[in-house]
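Visitor: Quick one: the structure is below, and I'll ask about it shortly.
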Amino acid sequence: MRILIVEDDEKIAGFIAKGLKEAGLVSETAADGQTGLALALGGGFDAAVIDLMLPGLDGLSLIQRLRAAGVQTPVIILSAKRSLDDRVLGLEKGGDDYLTKPFAFSELLARIQALVRRASRQPEPTRLTVGDLSLDLVSREVTRAGRPIELQPKEFSLLAHLMRNAGRVVTKTTILERVWDYSFDPQTNVVDVVICRLRNKVDRDYPRKLIHTMRGVGYVLKEQ
């Protein structure tokens with residue numbers, strides 16, 4: 001991973017560069033906005049850390065020029081300005097995240113990694129498939145072996161969650177949080193009820209079962 005640091009404070013730039021090196025990342029540093037712009041336009045960076053108060057060309061103008069040139073490198077803005085208006089302005093001008101000084105390097109690193117993951121993430125497919133089971137997230141059509149399966153909204157959401165995590169066990173707690181959007185209640189059996197309905201619709205008429213119970217843990221959708 002290659003990170004661009006645009007920071008005129010030598011101590012802060014060195015602190016960031018040292019931390020990135022220790023984390024196994026490569027960095028390049030610019031001490032003014034014009035140099036930072038030239039480096040960023042050259043490409044090859046996975047993310048950029050840009051201070052707002054820079055000589056020659058300020059950080060916001062630098063970011064605006066990058067976006068105008070079509071450069072979509074994720075940018076974390078560094079600034080001593082803490083007001084909400086300043087943060088909003090920075091994000092409106094093309095920044096992806098905003099970190100106020102002073103900051104902990106561990107937080108900066110975590111934010112860089114999160115931005116890079118987000119930027120490299122592939123768009124979610126509109127169709128999920130496990131074996132002969134298929135679910136279309138757009139049309140909301142579900143079929144198994146070419147035969148349509150009619151599902152209620154919560155049944156559809158739960159099946160989609162299981163298919164997105166095919167081969168991995170998902171707990172009841174996670175299902176309640178992701179599908180029902182509320183915290184775990186040890187007294188509720190709503191997940192078991194909907195799983196039972198799904199089994200009747202997805203597995204009952206087929207010799208190969210896809211939905212499996214992992215006792216004491218949760219459920220997993222997989223081909224045996």
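Each chain in the structure tokens gets a letter, A, B, ..., in the order shown, and its residues are numbered from 1; ligands are numbered from 1 in order too.
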What's around Gly216 (chain A) at 10 Å? Count only C-alpha atoms, leave out sequence neighbours fewer than 3 positions away in its own chain, and write the answer as a count of residues only.

Guide: 4

Visitor: Name the residues in contact with region 4-10 of chain A at a cut-off of 8 Å, using only C-alpha atoms, excluding same-chain residues fewer than 4 positions from it; report them as a list in words.

Guide: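 Once the nearby chain positions are removed, what remains is Gly14, Ile16, Ala17, Ser27, Glu28, Thr29, Ala30, Ala31, Asp32, Gly33, Gly36, Leu39, Ala40, Phe45, Ala47, Ala48, Val49, Ile50, Asp51, Leu54 and Pro55 of chain A.
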
Visitor: List every residue of region 104-183 of chain A that DSSP, applied to the backbone, labels as strand (DSSP E), and write the result as a list of chain:residue names.

Guide: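 Result set for region 104-183 of chain A (strand (DSSP E)): A:Arg127, A:Leu128, A:Thr129, A:Val130, A:Leu133, A:Ser134, A:Leu135, A:Asp136, A:Val142, A:Thr143, A:Arg144, A:Arg147, A:Pro148, A:Ile149, A:Val170, A:Thr171.
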
Visitor: Taking the DSSP secondary structure from the backbone, can you list the residues of region 2-212 of chain A that are alpha helix (DSSP H), as a VMD selection string?

Guide: chain A and resid 10 to 22 33 to 42 59 to 68 84 to 92 105 to 120 153 to 164 172 to 175 190 to 202

Visitor: Extract, using only C-alpha atoms, all DNA, RNA and protein residues at most 7 Å from region 94-99 of chain A, discarding same-chain residues fewer than 6 positions from it, and format them as a list of chain:residue names.

Guide: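 Once the adjacent positions are removed, what remains is A:Ile63, A:Gln64, A:Arg67, A:Pro74, A:Val75, A:Ile76, A:Ile77, A:Leu78, A:Ser79, A:Arg87.
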
Visitor: Write a file of the just-selected residues containing N, CA and C atoms, as a PDB file, in the first residue's frame.

Guide:
```pdb
ATOM      1  N   ILE A  63      -7.340  19.351  -2.982  1.00  0.00           N
ATOM      2  CA  ILE A  63      -8.322  18.270  -3.133  1.00  0.00           C
ATOM      3  C   ILE A  63      -9.295  18.575  -4.262  1.00  0.00           C
ATOM      4  N   GLN A  64      -9.753  19.821  -4.346  1.00  0.00           N
ATOM      5  CA  GLN A  64     -10.676  20.211  -5.412  1.00  0.00           C
ATOM      6  C   GLN A  64     -10.047  19.991  -6.792  1.00  0.00           C
ATOM      7  N   ARG A  67     -10.011  16.244  -7.623  1.00  0.00           N
ATOM      8  CA  ARG A  67     -11.313  15.727  -8.026  1.00  0.00           C
ATOM      9  C   ARG A  67     -11.699  16.246  -9.407  1.00  0.00           C
ATOM     10  N   PRO A  74      -8.594   8.085  -2.303  1.00  0.00           N
ATOM     11  CA  PRO A  74      -9.213   8.438  -1.016  1.00  0.00           C
ATOM     12  C   PRO A  74      -8.333   9.412  -0.234  1.00  0.00           C
ATOM     13  N   VAL A  75      -8.954  10.440   0.340  1.00  0.00           N
ATOM     14  CA  VAL A  75      -8.216  11.492   1.041  1.00  0.00           C
ATOM     15  C   VAL A  75      -8.694  11.625   2.486  1.00  0.00           C
ATOM     16  N   ILE A  76      -7.739  11.603   3.405  1.00  0.00           N
ATOM     17  CA  ILE A  76      -8.013  11.946   4.800  1.00  0.00           C
ATOM     18  C   ILE A  76      -7.475  13.347   5.039  1.00  0.00           C
ATOM     19  N   ILE A  77      -8.340  14.251   5.470  1.00  0.00           N
ATOM     20  CA  ILE A  77      -7.940  15.625   5.757  1.00  0.00           C
ATOM     21  C   ILE A  77      -7.427  15.707   7.189  1.00  0.00           C
ATOM     22  N   LEU A  78      -6.269  16.341   7.364  1.00  0.00           N
ATOM     23  CA  LEU A  78      -5.745  16.632   8.693  1.00  0.00           C
ATOM     24  C   LEU A  78      -5.927  18.121   8.956  1.00  0.00           C
ATOM     25  N   SER A  79      -6.408  18.472  10.140  1.00  0.00           N
ATOM     26  CA  SER A  79      -6.588  19.884  10.436  1.00  0.00           C
ATOM     27  C   SER A  79      -6.675  20.109  11.934  1.00  0.00           C
ATOM     28  N   ARG A  87     -15.414  20.621   9.223  1.00  0.00           N
ATOM     29  CA  ARG A  87     -15.436  19.211   8.811  1.00  0.00           C
ATOM     30  C   ARG A  87     -16.366  19.001   7.619  1.00  0.00           C
TER      31      ARG A  87
END
```

Visitor: What is the CA of Arg127 (chain A)-CA of Pro148 (chain A) distance in Å, reported with one decimal?

Guide: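 Separation of CA of Arg127 (chain A) and CA of Pro148 (chain A): 14.6 Å.
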
Visitor: Near Arg164 (chain A), within 12 Å and counting only C-alpha atoms, which residues show up once chain neighbours fewer than 6 positions away are dropped, as a PDB file with N, CA and C atoms, in the first residue's frame?

Guide:
```pdb
ATOM      1  N   GLU A 124     -21.583  -4.935  -4.936  1.00  0.00           N
ATOM      2  CA  GLU A 124     -22.263  -6.176  -4.580  1.00  0.00           C
ATOM      3  C   GLU A 124     -23.001  -6.719  -5.796  1.00  0.00           C
ATOM      4  N   PRO A 125     -22.887  -8.006  -6.076  1.00  0.00           N
ATOM      5  CA  PRO A 125     -23.623  -8.585  -7.206  1.00  0.00           C
ATOM      6  C   PRO A 125     -25.115  -8.486  -6.969  1.00  0.00           C
ATOM      7  N   THR A 126     -25.873  -8.389  -8.043  1.00  0.00           N
ATOM      8  CA  THR A 126     -27.325  -8.297  -7.909  1.00  0.00           C
ATOM      9  C   THR A 126     -27.964  -9.674  -7.806  1.00  0.00           C
ATOM     10  N   ARG A 127     -27.196 -10.717  -8.079  1.00  0.00           N
ATOM     11  CA  ARG A 127     -27.720 -12.071  -7.977  1.00  0.00           C
ATOM     12  C   ARG A 127     -26.794 -12.913  -7.100  1.00  0.00           C
ATOM     13  N   LEU A 128     -27.389 -13.603  -6.119  1.00  0.00           N
ATOM     14  CA  LEU A 128     -26.645 -14.509  -5.255  1.00  0.00           C
ATOM     15  C   LEU A 128     -26.986 -15.937  -5.644  1.00  0.00           C
ATOM     16  N   THR A 129     -25.970 -16.788  -5.700  1.00  0.00           N
ATOM     17  CA  THR A 129     -26.193 -18.178  -6.108  1.00  0.00           C
ATOM     18  C   THR A 129     -25.411 -19.112  -5.205  1.00  0.00           C
ATOM     19  N   VAL A 130     -26.086 -20.131  -4.707  1.00  0.00           N
ATOM     20  CA  VAL A 130     -25.453 -21.214  -3.950  1.00  0.00           C
ATOM     21  C   VAL A 130     -26.041 -22.517  -4.482  1.00  0.00           C
ATOM     22  N   SER A 134     -30.955 -19.678  -6.311  1.00  0.00           N
ATOM     23  CA  SER A 134     -30.606 -18.373  -6.858  1.00  0.00           C
ATOM     24  C   SER A 134     -31.549 -17.308  -6.292  1.00  0.00           C
ATOM     25  N   LEU A 135     -30.977 -16.148  -5.944  1.00  0.00           N
ATOM     26  CA  LEU A 135     -31.757 -15.041  -5.386  1.00  0.00           C
ATOM     27  C   LEU A 135     -31.357 -13.760  -6.103  1.00  0.00           C
ATOM     28  N   LEU A 137     -31.456  -9.829  -6.107  1.00  0.00           N
ATOM     29  CA  LEU A 137     -31.674  -8.742  -5.161  1.00  0.00           C
ATOM     30  C   LEU A 137     -32.479  -7.597  -5.757  1.00  0.00           C
ATOM     31  N   SER A 157     -35.092 -11.436   3.269  1.00  0.00           N
ATOM     32  CA  SER A 157     -33.933 -10.775   3.882  1.00  0.00           C
ATOM     33  C   SER A 157     -33.042 -11.773   4.603  1.00  0.00           C
ATOM     34  N   LEU A 158     -33.653 -12.718   5.311  1.00  0.00           N
ATOM     35  CA  LEU A 158     -32.867 -13.716   6.032  1.00  0.00           C
ATOM     36  C   LEU A 158     -32.138 -14.637   5.062  1.00  0.00           C
ATOM     37  N   VAL A 170     -23.653 -18.136  10.894  1.00  0.00           N
ATOM     38  CA  VAL A 170     -24.121 -16.842  11.392  1.00  0.00           C
ATOM     39  C   VAL A 170     -24.950 -17.085  12.652  1.00  0.00           C
ATOM     40  N   ARG A 178     -28.870  -7.773  11.952  1.00  0.00           N
ATOM     41  CA  ARG A 178     -28.794  -7.441  10.533  1.00  0.00           C
ATOM     42  C   ARG A 178     -30.140  -7.514   9.820  1.00  0.00           C
ATOM     43  N   VAL A 220     -26.063 -22.082   9.061  1.00  0.00           N
ATOM     44  CA  VAL A 220     -25.173 -21.922   7.920  1.00  0.00           C
ATOM     45  C   VAL A 220     -25.877 -22.442   6.679  1.00  0.00           C
ATOM     46  N   LEU A 221     -25.724 -21.720   5.582  1.00  0.00           N
ATOM     47  CA  LEU A 221     -26.250 -22.154   4.286  1.00  0.00           C
ATOM     48  C   LEU A 221     -25.076 -22.645   3.454  1.00  0.00           C
ATOM     49  N   LYS A 222     -25.102 -23.898   3.070  1.00  0.00           N
ATOM     50  CA  LYS A 222     -23.996 -24.475   2.309  1.00  0.00           C
ATOM     51  C   LYS A 222     -24.451 -25.728   1.598  1.00  0.00           C
TER      52      LYS A 222
END
```

Visitor: Nearest to Ser120 (chain A) among A:Gln72, A:Gln34, A:Thr173, A:Thr188, with distances taken over only C-alpha atoms: which residue is it?

Guide: A:Gln72

Visitor: Which one is closest to Leu162 (chain A): A:Ile211, A:Asp203, A:Asp136, A:Asn189? Count only C-alpha atoms.

Guide: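 The closest residue to Leu162 (chain A) is A:Ile211.
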
Visitor: Would you mind telling me which residue in A:Tyr206, A:Asn200, A:Thr73, A:Gly59 lies nearest to Arg118 (chain A) when using only C-alpha atoms?

Guide: A:Thr73

Visitor: Could you check which of A:Leu115, A:Ala104, A:Leu89, A:Leu57 is closest to Met1 (chain A), using only C-alpha atoms?

Guide: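 Using only C-alpha atoms, the shortest distance to Met1 (chain A) belongs to A:Leu115.
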
Visitor: I'd like to know which of A:Leu60, A:Met214, A:Ala13, A:Ala80 is closest to Lys101 (chain A), using only C-alpha atoms.

Guide: A:Ala80
